[in-house]
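Note: the block below is run_32.txt and it holds compact mmCIF, C-alpha atoms.
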# COMPACT_ATOMS: atom_id res chain seq x y z
CA MET A 1 19.84 24.05 -5.13
CA LEU A 2 19.00 27.38 -6.72
CA LEU A 3 16.33 29.73 -5.44
CA VAL A 4 13.16 29.32 -7.49
CA ASN A 5 9.63 30.71 -7.25
CA ASP A 6 7.89 27.71 -8.80
CA PRO A 7 5.95 25.31 -6.53
CA PHE A 8 6.82 21.63 -6.62
CA TYR A 9 5.43 18.42 -5.14
CA LEU A 10 7.23 15.86 -2.99
CA GLY A 11 5.68 12.42 -2.92
CA SER A 12 5.80 9.52 -0.50
CA MET A 13 6.04 5.74 -0.56
CA ASP A 14 5.04 2.62 1.33
CA MET A 15 7.16 1.54 4.29
CA ASN A 16 7.66 -1.97 5.69
CA LYS A 17 4.63 -3.27 3.76
CA GLY A 18 2.13 -1.48 5.98
CA GLU A 19 3.38 -3.06 9.21
CA ALA A 20 2.59 0.05 11.27
CA PHE A 21 -1.14 -0.25 10.54
CA GLU A 22 -1.11 -3.59 12.36
CA THR A 23 1.22 -2.72 15.24
CA GLY A 24 0.27 0.94 15.72
CA ASP A 25 3.98 1.79 15.87
CA PHE A 26 4.69 4.57 13.36
CA LYS A 27 8.23 5.37 14.52
CA TRP A 28 9.79 4.67 11.12
CA GLN A 29 7.28 6.94 9.42
CA ALA A 30 7.98 9.63 12.03
CA TRP A 31 11.73 9.40 11.42
CA MET A 32 11.21 9.58 7.66
CA MET A 33 8.95 12.62 8.01
CA ASP A 34 11.44 14.32 10.32
CA ALA A 35 14.24 13.77 7.80
CA LEU A 36 12.09 15.10 4.96
CA ILE A 37 10.96 18.21 6.84
CA MET A 38 14.46 18.83 8.16
CA ALA A 39 15.76 18.95 4.59
CA LEU A 40 13.04 21.44 3.64
CA GLU A 41 13.69 23.60 6.72
CA GLN A 42 17.44 23.73 6.22
CA SER A 43 16.86 24.66 2.58
CA LEU A 44 14.60 27.52 3.77
CA ILE A 45 11.74 26.23 1.61
CA GLY A 46 8.17 27.07 2.54
CA PHE A 47 5.89 24.02 2.52
CA ILE A 48 2.59 22.54 3.64
CA LEU A 49 1.79 18.96 4.67
CA TRP A 50 -1.04 17.46 2.66
CA ASN A 51 -3.32 14.96 4.37
CA TYR A 52 -6.75 13.48 3.77
CA PRO A 53 -9.55 14.22 6.28
CA THR A 54 -11.36 11.00 5.25
CA ASN A 55 -8.41 8.71 6.01
CA ASP A 56 -8.89 5.56 8.09
CA ASP A 57 -6.89 2.36 8.47
CA GLN A 58 -9.35 0.29 6.46
CA ARG A 59 -9.72 2.42 3.31
CA GLY A 60 -6.59 4.52 3.63
CA ASP A 61 -6.78 7.87 1.89
CA ASN A 62 -9.82 6.64 -0.05
CA TRP A 63 -8.00 7.48 -3.27
CA ASN A 64 -5.80 5.41 -5.58
CA ARG A 65 -5.36 2.71 -2.87
CA GLU A 66 -2.94 4.98 -1.01
CA ASN A 67 -2.57 5.38 2.75
CA PHE A 68 -0.06 8.14 3.34
CA SER A 69 -1.98 10.63 5.47
CA TRP A 70 -0.66 11.43 8.94
CA PHE A 71 -4.28 12.16 9.94
CA CYS A 72 -6.55 9.21 10.71
CA ARG A 73 -10.26 9.71 11.28
CA GLY A 74 -10.47 6.33 12.99
CA CYS A 75 -8.16 7.62 15.73
CA SER A 76 -10.13 10.80 16.41
CA LEU A 77 -12.73 11.47 19.08
CA PRO A 78 -16.37 12.16 18.19
CA PRO A 79 -17.17 15.89 17.89
CA SER A 80 -19.17 15.82 21.13
CA LEU A 81 -15.98 15.04 23.11
CA LEU A 82 -13.71 17.56 21.42
CA TYR A 83 -12.55 20.90 22.74
CA TYR A 84 -11.80 23.36 19.98
CA GLU A 85 -9.39 25.73 21.70
CA GLN A 86 -6.14 26.06 19.78
CA ASP A 87 -4.13 24.34 22.51
CA ALA A 88 -6.69 21.60 23.30
CA LEU A 89 -4.95 18.23 23.51
CA SER A 90 -8.06 16.40 22.30
CA LEU A 91 -7.53 17.84 18.83
CA ASN A 92 -4.36 15.77 18.48
CA ASN A 93 -5.85 12.31 18.95
CA SER A 94 -6.20 11.82 15.21
CA GLY A 95 -2.50 12.28 14.45
CA ARG A 96 -0.11 9.41 13.81
CA ILE A 97 3.39 10.92 13.73
CA LEU A 98 2.90 14.12 15.69
CA PRO A 99 6.41 14.34 17.24
CA SER A 100 7.75 14.94 13.73
CA ILE A 101 4.84 17.23 12.75
CA PHE A 102 4.77 19.53 15.79
CA ARG A 103 7.72 21.82 15.09
CA PRO A 104 8.44 25.53 15.32
CA TYR A 105 8.45 27.77 12.29
CA ALA A 106 8.73 31.48 11.62
CA ALA A 107 5.24 32.80 10.91
CA LYS A 108 6.42 36.40 10.55
CA MET A 109 9.96 37.68 10.50
CA ALA A 110 11.50 41.12 10.73
CA GLY A 111 14.31 40.27 8.36
CA ILE A 112 15.71 37.79 5.88
CA PRO A 113 15.99 34.13 6.96
CA ILE A 114 19.52 32.77 6.81
CA HIS A 115 19.42 29.48 8.72
CA PHE A 116 16.89 27.20 10.42
CA GLN A 117 17.47 23.90 12.18
CA TYR A 118 15.21 21.90 14.50
CA GLU A 119 16.08 18.81 16.55
CA MET A 120 13.00 16.66 17.12
CA ASN A 121 14.44 14.61 19.99
CA THR A 122 15.35 17.58 22.19
CA GLY A 123 12.94 20.29 21.02
CA THR A 124 15.79 22.74 20.40
CA PHE A 125 15.93 24.89 17.30
CA THR A 126 18.16 27.55 15.82
CA TYR A 127 16.80 30.34 13.66
CA THR A 128 19.03 33.01 12.19
CA TRP A 129 17.93 36.09 10.27
CA VAL A 130 19.33 39.48 9.34
CA ASN A 131 17.19 42.57 9.83
CA SER A 132 19.26 45.21 8.07
CA PRO A 133 20.91 44.99 4.64
CA PRO A 134 24.69 44.86 4.99
CA ASN A 135 27.05 47.14 3.13
CA PRO A 136 26.52 46.60 -0.63
CA ALA A 137 30.27 46.51 -1.08
CA SER A 138 30.39 43.35 1.04
CA GLN A 139 27.95 41.59 -1.30
CA THR A 140 30.16 41.43 -4.38
CA HIS A 141 31.14 37.85 -3.56
CA LEU A 142 27.47 36.79 -3.75
CA LYS A 143 27.02 37.73 -7.40
CA GLY A 144 26.13 34.61 -9.34
CA GLU A 145 26.20 32.48 -6.18
CA LYS A 146 22.71 33.00 -4.78
CA SER A 147 21.24 29.77 -3.42
CA VAL A 148 19.17 28.55 -0.50
CA PHE A 149 22.36 28.52 1.54
CA LYS A 150 23.36 32.04 0.45
CA PRO A 151 20.07 33.91 0.02
CA PRO A 152 20.31 37.44 -1.39
CA ARG A 153 20.35 40.08 1.32
CA MET A 154 19.99 43.13 -0.91
CA GLY A 155 17.18 44.47 -3.09
CA HIS A 156 14.39 43.84 -0.58
CA PRO A 157 11.71 46.35 0.51
CA VAL A 158 12.45 48.36 3.62
CA PHE A 159 11.32 46.47 6.73
CA MET A 160 8.41 48.31 8.34
CA PHE A 161 8.08 46.16 11.47
CA LEU A 162 10.44 45.02 14.20
CA GLU A 163 8.62 41.97 15.56
CA THR A 164 9.35 38.37 14.63
CA GLU A 165 6.73 35.73 15.46
CA ILE A 166 7.74 32.10 15.72
CA PHE A 167 5.08 29.43 16.06
CA LEU A 168 6.17 27.26 18.98
CA PRO A 169 3.76 24.36 19.54
CA SER A 170 2.54 24.09 23.11
CA GLN A 171 3.19 20.34 22.90
CA LEU A 172 6.92 21.11 22.98
CA ALA A 173 6.80 23.36 26.03
CA PRO A 174 4.41 22.04 28.74
CA GLY A 175 6.23 21.91 32.05
CA ARG A 176 9.41 23.21 30.40
CA ARG A 177 11.07 26.60 30.24
CA VAL A 178 11.41 28.29 26.89
CA ILE A 179 15.01 29.50 26.76
CA VAL A 180 16.03 32.03 24.12
CA LYS A 181 19.71 32.72 23.45
CA GLY A 182 21.67 34.78 20.98
CA LEU A 183 19.59 37.97 20.93
CA ASP A 184 21.28 41.35 20.86
CA ARG A 185 21.24 43.56 23.93
CA GLY A 186 17.97 45.45 24.13
CA ASN A 187 16.00 42.84 22.20
CA LYS A 188 12.95 41.45 23.98
CA HIS A 189 11.11 38.14 23.76
CA GLN A 190 7.99 36.59 25.23
CA TYR A 191 6.39 33.18 24.78
CA ASP A 192 2.58 33.05 24.92
CA GLU A 193 1.40 29.45 25.16
CA ASN A 194 -2.23 30.17 24.26
CA PRO A 195 -1.52 31.30 20.67
CA GLN A 196 1.60 29.09 20.77
CA THR A 197 3.79 31.98 19.66
CA LEU A 198 7.25 33.23 20.58
CA PHE A 199 7.42 36.99 20.05
CA ILE A 200 10.81 38.64 19.50
CA VAL A 201 11.15 42.41 19.20
CA ILE A 202 14.41 43.91 18.00

Could you take the file, read its structure, and then write that structure out as C-alpha cells?
Amino acid sequence: MLLVNDPFYLGSMDMNKGEAFETGDFKWQAWMMDALIMALEQSLIGFILWNYPTNDDQRGDNWNRENFSWFCRGCSLPPSLLYYEQDALSLNNSGRILPSIFRPYAAKMAGIPIHFQYEMNTGTFTYTWVNSPPNPASQTHLKGEKSVFKPPRMGHPVFMFLETEIFLPSQLAPGRRVIVKGLDRGNKHQYDENPQTLFIVI
C-alpha cells in the first residue's frame, strides 16, 4: 500500500443473520472489528469509527435498514443516572463491542511513527517512532520505496516539542500496572488515569 493523502471509506456487512441482536453476544463482531482496526493500525492509517447516536435494536441505524453501529441507545442509561467525567464507567453502557474499541493510540508524537501493534486479549501494545532524522546518506535505499511500512523519515519540519502523548483507556488499566519498556536512558514517562494519557518525554 502506498502512502496517500486522500480519505477513503471502509464499509461493513451483516454477520450471522443478526443472531447477536437476539443473544446479546457480539463476540464475532468484536473479533471482526479488532481485525479491521489492527490492519489500520499496522498500516499507520489515521481513522475514525462512525456510529449512529439514534441506533437501537428495533430500528437499527434508522437509515437504509442497516444496523452496524457499535453504539446502541437502547443499552444506555437515562441522562439522570449518568456521570459525565471522562473516566466514568456509566458512559460505556451503550457500547456493544467495547473490548475491540477501547485501544491505545498516539494522540501527539514527538517524531515519525514507524510501527504500531496492539493485542486486544492482553492489553499490550508496541509503538515505535523516530524523533531525529537519520543521516541522509542512509536514506538512499528508500528512494522509490516509500510505503506505510517504510514511511519517509526525511523532509519533515523540525520537531519543536519533546513530549509524546498516548491515549491509554482507563478500562485497560484499572487494578493493573502500566509497564513501559524500551525507552532510552534519561527518558521519562508517567501515566495519568484521569485524562487516560501516557506521557513520554525524551

Could you build a table of the residues in stretch 44-121 of chain A lying no more than 9 Å from stretch 170-173 of chain A, giving for each the nearest pair of atoms and their separation in Å rounded to one decimal place, using only C-alpha atoms, ordered by chain and ascending residue number, as CSV?
residue,atom,partner,partner_atom,distance
A:Asp87,CA,A:Ser170,CA,6.7
A:Leu89,CA,A:Gln171,CA,8.4
A:Pro99,CA,A:Gln171,CA,8.9
A:Phe102,CA,A:Gln171,CA,7.3
A:Arg103,CA,A:Leu172,CA,8.0
A:Pro104,CA,A:Leu172,CA,9.0

Do you have the atom CA of A:Ala88-atom CA of A:Phe71 distance handy?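 Atom CA of A:Ala88 sits 16.5 Å away from atom CA of A:Phe71.
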
So which one's closest to A:Ala107, A:Gly24, A:Thr164, A:Pro174, A:Lys181? Using only C-alpha atoms, please.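 Closest to A:Ala107 of all the choices is A:Thr164.
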
Interatomic distance (Å, one decimal) between atom CA of A:Arg96 and atom CA of A:Phe125: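 Atom-to-atom, atom CA of A:Arg96 to atom CA of A:Phe125, that is 22.6 Å.
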
Neighbour residues at most 10 Å from (19.2, 23.8, 23.1) (only C-alpha atoms) as a PyMOL selection string: chain A and resi 118-119+122-126+178-181

Any idea what the distance is between atom CA of A:Glu41 and atom CA of A:Trp63? 28.8 Å

Top pick for closest residue to A:Ala35, considering A:Leu81, A:Leu162, A:Ala110, A:Ile101 and counting only C-alpha atoms: A:Ile101

Selected residue, from A:Asn131, A:Asn55, A:Ser100, A:Asn64, that lies nearest to A:Ala30 when counting only C-alpha atoms: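 Ranked by minimum distance to A:Ala30, first place goes to A:Ser100.
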
Dump as a list in words all residues having an atom at most 7 Å from (8.0, 32.3, 15.3), computed in the file's coordinates with all atoms listed in the file.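 Output of the proximity query reads Pro104, Tyr105, Ala106, Ala107, Lys108, Thr164, Glu165, Ile166, Phe167, Leu168, Thr197, Leu198 and Phe199 of chain A.
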
Just want the 12 Å neighbourhood of A:Cys72, counted on all atoms listed in the file, with same-chain residues fewer than 4 positions away dropped. Output as a PyMOL selection string. chain A and resi 21+24+51-62+67-68+76-77+91-98
